[in-house]
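Listing of protein.txt, compact mmCIF, C-alpha atoms
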```txt
# COMPACT_ATOMS: atom_id res chain seq x y z
CA MET H 28 -70.74 0.53 4.51
CA SER H 29 -72.28 0.26 1.04
CA GLN H 30 -73.67 3.30 -0.69
CA SER H 31 -77.23 3.59 -1.95
CA PRO H 32 -77.78 3.63 -5.72
CA GLU H 33 -78.56 7.37 -5.52
CA GLN H 34 -75.26 8.06 -3.77
CA ARG H 35 -73.33 5.97 -6.29
CA ILE H 36 -74.98 7.76 -9.22
CA LEU H 37 -74.34 11.21 -7.72
CA LYS H 38 -70.73 10.29 -6.95
CA CYS H 39 -70.26 9.10 -10.55
CA LEU H 40 -71.76 12.26 -12.04
CA GLY H 41 -69.80 14.42 -9.61
CA SER H 42 -66.50 12.78 -10.51
CA GLU H 43 -67.17 13.27 -14.25
CA TYR H 44 -68.30 16.92 -13.93
CA PRO H 45 -68.51 18.91 -16.24
CA ARG H 46 -68.88 15.95 -18.62
CA ASP H 47 -72.44 14.72 -19.04
CA LEU H 48 -73.25 11.01 -19.07
CA SER H 49 -75.97 8.80 -20.50
CA ILE H 50 -77.79 6.23 -18.42
CA GLU H 51 -75.75 3.51 -20.12
CA GLU H 52 -72.47 5.23 -19.22
CA ILE H 53 -73.57 5.74 -15.61
CA ALA H 54 -74.56 2.06 -15.44
CA LYS H 55 -71.15 0.91 -16.72
CA LYS H 56 -69.21 3.19 -14.34
CA THR H 57 -71.26 2.31 -11.23
CA GLY H 58 -71.96 -1.36 -11.90
CA ILE H 59 -75.69 -0.74 -11.48
CA HIS H 60 -78.09 -2.21 -14.06
CA ARG H 61 -79.26 0.43 -16.54
CA ASN H 62 -82.93 -0.10 -15.64
CA THR H 63 -82.09 0.64 -12.01
CA VAL H 64 -80.08 3.72 -12.99
CA SER H 65 -83.05 4.92 -15.05
CA LYS H 66 -85.39 4.49 -12.08
CA TYR H 67 -83.15 6.40 -9.68
CA ILE H 68 -82.05 9.10 -12.14
CA TRP H 69 -85.72 10.00 -12.63
CA GLY H 70 -86.10 10.57 -8.88
CA LEU H 71 -82.83 12.52 -8.69
CA GLU H 72 -84.00 14.72 -11.55
CA LYS H 73 -87.33 15.40 -9.81
CA ALA H 74 -85.43 16.26 -6.62
CA GLY H 75 -83.30 18.74 -8.58
CA LYS H 76 -80.02 16.92 -7.92
CA VAL H 77 -79.36 16.16 -11.60
CA THR H 78 -80.49 17.80 -14.81
CA ILE H 79 -80.74 16.74 -18.43
CA SER H 80 -77.96 18.60 -20.21
CA ARG H 81 -78.84 17.56 -23.76
CA ASN H 82 -80.36 14.88 -25.96
CA VAL H 83 -78.30 12.88 -28.43
CA GLY H 84 -80.62 10.84 -30.61
CA ARG H 85 -82.86 8.98 -28.19
CA ALA H 86 -80.36 9.19 -25.33
CA ARG H 87 -80.61 11.84 -22.63
CA LEU H 88 -77.39 13.00 -21.06
CA TYR H 89 -77.34 13.95 -17.41
CA ILE H 90 -75.16 16.25 -15.35
CA ILE H 91 -75.04 16.82 -11.62
CA ASN H 92 -76.71 20.00 -10.45
CA ARG H 93 -73.75 21.55 -8.57
CA LYS H 94 -75.87 24.33 -7.06
CA GLN H 95 -78.38 21.87 -5.56
CA SER H 96 -75.76 19.39 -4.32
CA SER H 97 -73.59 22.10 -2.71
CA GLU H 98 -76.60 23.47 -0.80
CA LYS H 99 -77.13 20.03 0.78
CA GLU H 100 -73.52 19.67 2.00
```
Could you write out this structure as structure tokens?
Amino acid sequence: MSQSPEQRILKCLGSEYPRDLSIEEIAKKTGIHRNTVSKYIWGLEKAGKVTISRNVGRARLYIINRKQSSEKE
């Protein structure tokens, strides 16, 4: 069964924890177009599943919110 884009993004961020990733890096690792990653990462951020860890230039780097994701499991 295929995973939804949200699940793939969360799995990617979870496997890289505690390293933070840019949208471009998430897109390369998941095989999802960067525009699609951007769309879904915004929703995941609003849901509290990921947070912006820092800004590097114009890029935002994201990290999985371990507290939020462990409460759901």
Residue nearest His60 in chain H - candidates H:Ile91, H:Ala86, H:Ile36, H:Ser29, atoms counted: all atoms listed in the file: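 Answer, going by the shortest atom-to-atom distance: H:Ile36.
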Extract, using only C-alpha atoms, all DNA, RNA and protein residues at most 9 Å from Tyr44 in chain H, discarding same-chain residues fewer than 4 positions from it, and format them as a PyMOL selection string. chain H and resi 39-40+90-91+93
Next, write the just-selected residues to a file, as an mmCIF file, in the coordinates of the input, keeping C-alpha atoms as the atom set.
```cif
data_model
loop_
_atom_site.group_PDB
_atom_site.id
_atom_site.type_symbol
_atom_site.label_atom_id
_atom_site.label_comp_id
_atom_site.auth_asym_id
_atom_site.auth_seq_id
_atom_site.Cartn_x
_atom_site.Cartn_y
_atom_site.Cartn_z
ATOM 1 C CA CYS H 39 -70.260 9.100 -10.550
ATOM 2 C CA LEU H 40 -71.760 12.260 -12.040
ATOM 3 C CA ILE H 90 -75.160 16.250 -15.350
ATOM 4 C CA ILE H 91 -75.040 16.820 -11.620
ATOM 5 C CA ARG H 93 -73.750 21.550 -8.570
#
```
Leaving out Lys38 in chain H and any residue of its chain fewer than 6 positions from it, which residues lie within 12 Å of it when counting all atoms listed in the file, given as JSON, numbers by chain? {"H": [30, 31, 32, 44, 53, 56, 57, 76, 77, 90, 91, 92, 93, 96]}
Counting all atoms listed in the file, which residue out of H:Leu48, H:Lys94, H:Arg85, H:Ala54 sits closest to Lys66 in chain H? H:Ala54
Write out as a ChimeraX atom specification each polymer residue whose atoms come within 8 Å of Ile79 in chain H, counting only C-alpha atoms; drop sequence neighbours fewer than 3 positions from it. /H:72,82,87-90
At what distance in Å, to one decimal, does CA of Ser49 in chain H lie from CA of Val83 in chain H?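 Interatomic distance, CA of Val83 in chain H to CA of Ser49 in chain H: 9.2 Å.
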CA of Arg35 in chain H to CA of Val64 in chain H, distance in Å rounded to a single decimal: 9.8 Å
Between CA of Asn62 in chain H and CA of Pro45 in chain H, what is the distance, to one decimal in Å?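 Separation of CA of Asn62 in chain H and CA of Pro45 in chain H: 23.9 Å.
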Of the candidates H:Thr63, H:Arg46, H:Glu33, H:Gly58, which one gets nearest to Arg81 in chain H if we count all atoms listed in the file?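 Among H:Thr63, H:Arg46, H:Glu33, H:Gly58, it is H:Arg46 that comes nearest to Arg81 in chain H.
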